[in-house]
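run.txt (compact mmCIF, C-alpha atoms)
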# COMPACT_ATOMS: atom_id res chain seq x y z
CA MET A 1 0.00 0.00 0.00
CA MET A 2 2.86 2.38 0.84
CA LYS A 3 4.47 1.79 -2.56
CA MET A 4 1.17 2.65 -4.24
CA LYS A 5 0.92 5.93 -2.27
CA ASN A 6 4.50 6.84 -3.24
CA LEU A 7 3.77 6.02 -6.88
CA ILE A 8 0.62 8.15 -6.87
CA ALA A 9 2.47 11.01 -5.18
CA GLY A 10 5.29 10.72 -7.75
CA VAL A 11 2.85 10.76 -10.66
CA ALA A 12 1.05 13.78 -9.20
CA CYS A 13 4.38 15.57 -8.73
CA ALA A 14 5.47 14.81 -12.29
CA ALA A 15 2.10 15.99 -13.62
CA ALA A 16 2.46 19.22 -11.67
CA VAL A 17 5.97 19.70 -13.04
CA PHE A 18 4.85 19.13 -16.63
CA ALA A 19 2.15 21.77 -16.19
CA VAL A 20 4.70 24.56 -15.69
CA PHE A 21 6.52 24.03 -18.98
CA PRO A 22 5.42 25.65 -22.24
CA THR A 23 3.28 23.53 -24.52
CA THR A 24 4.80 24.67 -27.83
CA ALA A 25 8.44 24.49 -28.90
CA ALA A 26 8.46 28.18 -29.85
CA ALA A 27 7.54 29.20 -26.29
CA TRP A 28 10.48 27.42 -24.60
CA ASP A 29 13.33 29.66 -23.50
CA TYR A 30 16.78 28.86 -22.15
CA GLU A 31 15.66 28.77 -18.50
CA ASP A 32 12.80 26.35 -19.31
CA MET A 33 15.22 24.00 -21.03
CA MET A 34 17.80 24.09 -18.26
CA GLU A 35 15.14 23.45 -15.60
CA TYR A 36 13.63 20.61 -17.64
CA GLN A 37 17.04 19.01 -18.19
CA MET A 38 17.84 19.30 -14.48
CA LEU A 39 14.60 17.46 -13.63
CA VAL A 40 15.35 14.75 -16.21
CA ASN A 41 18.90 14.33 -14.81
CA ALA A 42 17.51 14.09 -11.27
CA GLY A 43 15.06 11.37 -12.37
CA VAL A 44 11.97 13.45 -11.53
CA ILE A 45 10.88 13.43 -15.17
CA PRO A 46 11.64 10.38 -17.32
CA GLY A 47 13.92 11.31 -20.18
CA GLY A 48 16.25 9.92 -22.76
CA ALA A 49 15.81 8.12 -26.04
CA GLY A 50 13.11 5.47 -26.14
CA THR A 51 11.44 6.39 -22.84
CA GLY A 52 8.37 7.94 -24.42
CA ALA A 53 9.03 11.15 -22.48
CA ALA A 54 8.30 14.54 -23.93
CA THR A 55 11.16 15.83 -26.02
CA VAL A 56 12.75 19.17 -25.31
CA PRO A 57 13.12 21.44 -28.30
CA THR A 58 16.67 22.42 -29.16
CA TYR A 59 17.43 25.91 -27.90
CA THR A 60 18.64 28.40 -30.45
CA ALA A 61 19.46 31.91 -29.42
CA PRO A 62 16.98 34.50 -30.68
CA THR A 63 18.13 36.42 -33.73
CA ALA A 64 15.69 39.32 -33.59
CA THR A 65 17.02 42.47 -32.02
CA ALA A 66 15.13 44.97 -29.93
CA LYS A 67 13.61 47.96 -31.69
CA ILE A 68 13.52 49.81 -28.37
CA SER A 69 16.90 50.88 -26.97
CA PHE A 70 17.99 50.10 -23.43
CA GLU A 71 17.77 53.79 -22.49
CA LYS A 72 14.20 54.11 -23.84
CA ALA A 73 13.12 50.89 -22.09
CA LYS A 74 14.69 52.14 -18.84
CA GLN A 75 12.75 55.43 -19.15
CA ILE A 76 9.50 53.54 -19.69
CA ALA A 77 10.14 51.32 -16.66
CA GLN A 78 11.28 54.24 -14.48
CA GLN A 79 7.92 55.96 -15.07
CA GLN A 80 6.28 52.96 -13.36
CA ALA A 81 8.60 53.28 -10.33
CA PRO A 82 8.96 57.01 -9.61
CA GLY A 83 11.84 57.91 -7.32
CA ALA A 84 13.24 54.36 -7.34
CA TYR A 85 16.79 53.50 -8.35
CA LEU A 86 17.83 50.75 -10.75
CA VAL A 87 19.23 47.71 -8.93
CA LYS A 88 19.71 45.34 -11.86
CA TRP A 89 18.54 44.68 -15.37
CA GLU A 90 18.65 41.89 -17.92
CA TYR A 91 18.04 41.59 -21.63
CA ASP A 92 16.11 38.39 -22.26
CA TRP A 93 13.85 36.60 -24.71
CA ASP A 94 10.39 36.09 -23.20
CA TYR A 95 6.78 36.49 -24.29
CA GLY A 96 7.92 35.55 -27.81
CA GLY A 97 10.36 38.44 -28.25
CA PRO A 98 13.12 40.58 -26.78
CA VAL A 99 12.43 41.90 -23.28
CA TYR A 100 14.23 44.20 -20.88
CA GLU A 101 13.75 43.03 -17.28
CA PHE A 102 14.32 45.72 -14.65
CA GLU A 103 14.46 45.66 -10.88
CA PHE A 104 14.09 49.01 -9.11
CA ARG A 105 14.12 49.78 -5.40
CA LYS A 106 12.81 52.64 -3.30
CA GLY A 107 13.18 52.10 0.44
CA TRP A 108 11.36 48.87 1.28
CA ILE A 109 9.62 48.73 -2.08
CA GLU A 110 10.93 46.54 -4.91
CA TYR A 111 9.61 46.94 -8.45
CA ASP A 112 10.03 44.22 -11.08
CA ILE A 113 9.14 45.58 -14.50
CA ASP A 114 9.49 43.89 -17.90
CA VAL A 115 9.43 46.11 -20.99
CA SER A 116 8.95 44.71 -24.49
CA GLY A 117 12.00 45.36 -26.66
CA THR A 118 9.73 45.38 -29.69
CA THR A 119 6.85 47.66 -28.69
CA GLY A 120 7.99 49.36 -25.48
CA GLY A 121 4.89 48.06 -23.71
CA ILE A 122 4.88 46.91 -20.08
CA MET A 123 4.87 43.09 -20.07
CA LYS A 124 5.07 42.65 -16.30
CA TYR A 125 4.66 44.96 -13.33
CA ASP A 126 5.19 43.53 -9.86
CA VAL A 127 5.62 45.41 -6.58
CA ASP A 128 6.91 43.76 -3.40
CA TYR A 129 7.28 45.28 0.03
CA ASP A 130 10.33 43.82 1.79

Here is the file; what I need is its structure written in the form of structure tokens.
Amino acid sequence: MMKMKNLIAGVACAAAVFAVFPTTAAAWDYEDMMEYQMLVNAGVIPGGAGTGAATVPTYTAPTATAKISFEKAKQIAQQQAPGAYLVKWEYDWDYGGPVYEFEFRKGWIEYDIDVSGTTGGIMKYDVDYD
């Protein structure tokens, strides 16, 4: 009976893990692939040739470049976090295109803001109070 409970728990865990990964190859990014491979290597997700496991698309670095400059994206993000200072930033490929990811801080407030490198639109706006 205990083995059955462990098996059911393992299947539920694997199902939960599969739910967090993108469903189309085009939506996978580098972080998704590294996390997936780590889970396969740890034995959490079955992997390898002939196992019937889902295959991970091969990662190729994006070739499109941002139409919005870093300075313009920073201005756009700064407007969402008035008076805050830039802590860190990253240029990434998410939401199907180039994205600038900013972290600002003002006192105990942390702002995480993603700006589309294509349109300049806000893709994510998150405020945390530490």

Checklist entry - Between atom CA of Glu71 of chain A and atom CA of Trp89 of chain A, what is the spacing in Å? => result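 Between these atoms lies a distance of 11.6 Å.
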
Checklist entry - Interatomic distance between atom CA of Asp126 of chain A and atom CA of Asp112 of chain A? => result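 Atom CA of Asp112 of chain A lies 5.0 Å from atom CA of Asp126 of chain A.
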
Item to check | Straight-line distance linking atom CA of Val127 of chain A with atom CA of Ala84 of chain A, stated in Å to one decimal | outcome: 11.8 Å

Please check which residues have atoms at most 9 Å from (9.8, 44.3, -21.6) in the file's coordinates, counting all atoms listed in the file, and write them as an mmCIF file with C-alpha atoms, in the coordinates of the input.
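The new file result-v3.cif reads:
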data_model
loop_
_atom_site.group_PDB
_atom_site.id
_atom_site.type_symbol
_atom_site.label_atom_id
_atom_site.label_comp_id
_atom_site.auth_asym_id
_atom_site.auth_seq_id
_atom_site.Cartn_x
_atom_site.Cartn_y
_atom_site.Cartn_z
ATOM 1 C CA ALA A 73 13.120 50.890 -22.090
ATOM 2 C CA ALA A 77 10.140 51.320 -16.660
ATOM 3 C CA TYR A 91 18.040 41.590 -21.630
ATOM 4 C CA ASP A 92 16.110 38.390 -22.260
ATOM 5 C CA ASP A 94 10.390 36.090 -23.200
ATOM 6 C CA TYR A 95 6.780 36.490 -24.290
ATOM 7 C CA GLY A 97 10.360 38.440 -28.250
ATOM 8 C CA PRO A 98 13.120 40.580 -26.780
ATOM 9 C CA VAL A 99 12.430 41.900 -23.280
ATOM 10 C CA TYR A 100 14.230 44.200 -20.880
ATOM 11 C CA GLU A 101 13.750 43.030 -17.280
ATOM 12 C CA PHE A 102 14.320 45.720 -14.650
ATOM 13 C CA ILE A 113 9.140 45.580 -14.500
ATOM 14 C CA ASP A 114 9.490 43.890 -17.900
ATOM 15 C CA VAL A 115 9.430 46.110 -20.990
ATOM 16 C CA SER A 116 8.950 44.710 -24.490
ATOM 17 C CA GLY A 117 12.000 45.360 -26.660
ATOM 18 C CA THR A 118 9.730 45.380 -29.690
ATOM 19 C CA THR A 119 6.850 47.660 -28.690
ATOM 20 C CA GLY A 120 7.990 49.360 -25.480
ATOM 21 C CA GLY A 121 4.890 48.060 -23.710
ATOM 22 C CA ILE A 122 4.880 46.910 -20.080
ATOM 23 C CA MET A 123 4.870 43.090 -20.070
ATOM 24 C CA LYS A 124 5.070 42.650 -16.300
#

Next on the checklist: Just checking: using all atoms listed in the file, which residue out of A:Gly96, A:Trp108, A:Met38, A:Tyr125 ends up closest to Gln80 of chain A?
Outcome noted: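 Once distances to Gln80 of chain A are computed over all atoms listed in the file, the minimum belongs to A:Tyr125.
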
Checklist entry - Residues at most 8 Å from Asp128 of chain A, counting all atoms listed in the file, excluding those fewer than 4 positions away in the same chain, as a list in words? => result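 Once the nearby chain positions are removed, what remains is Ile109, Glu110 and Tyr111 of chain A.
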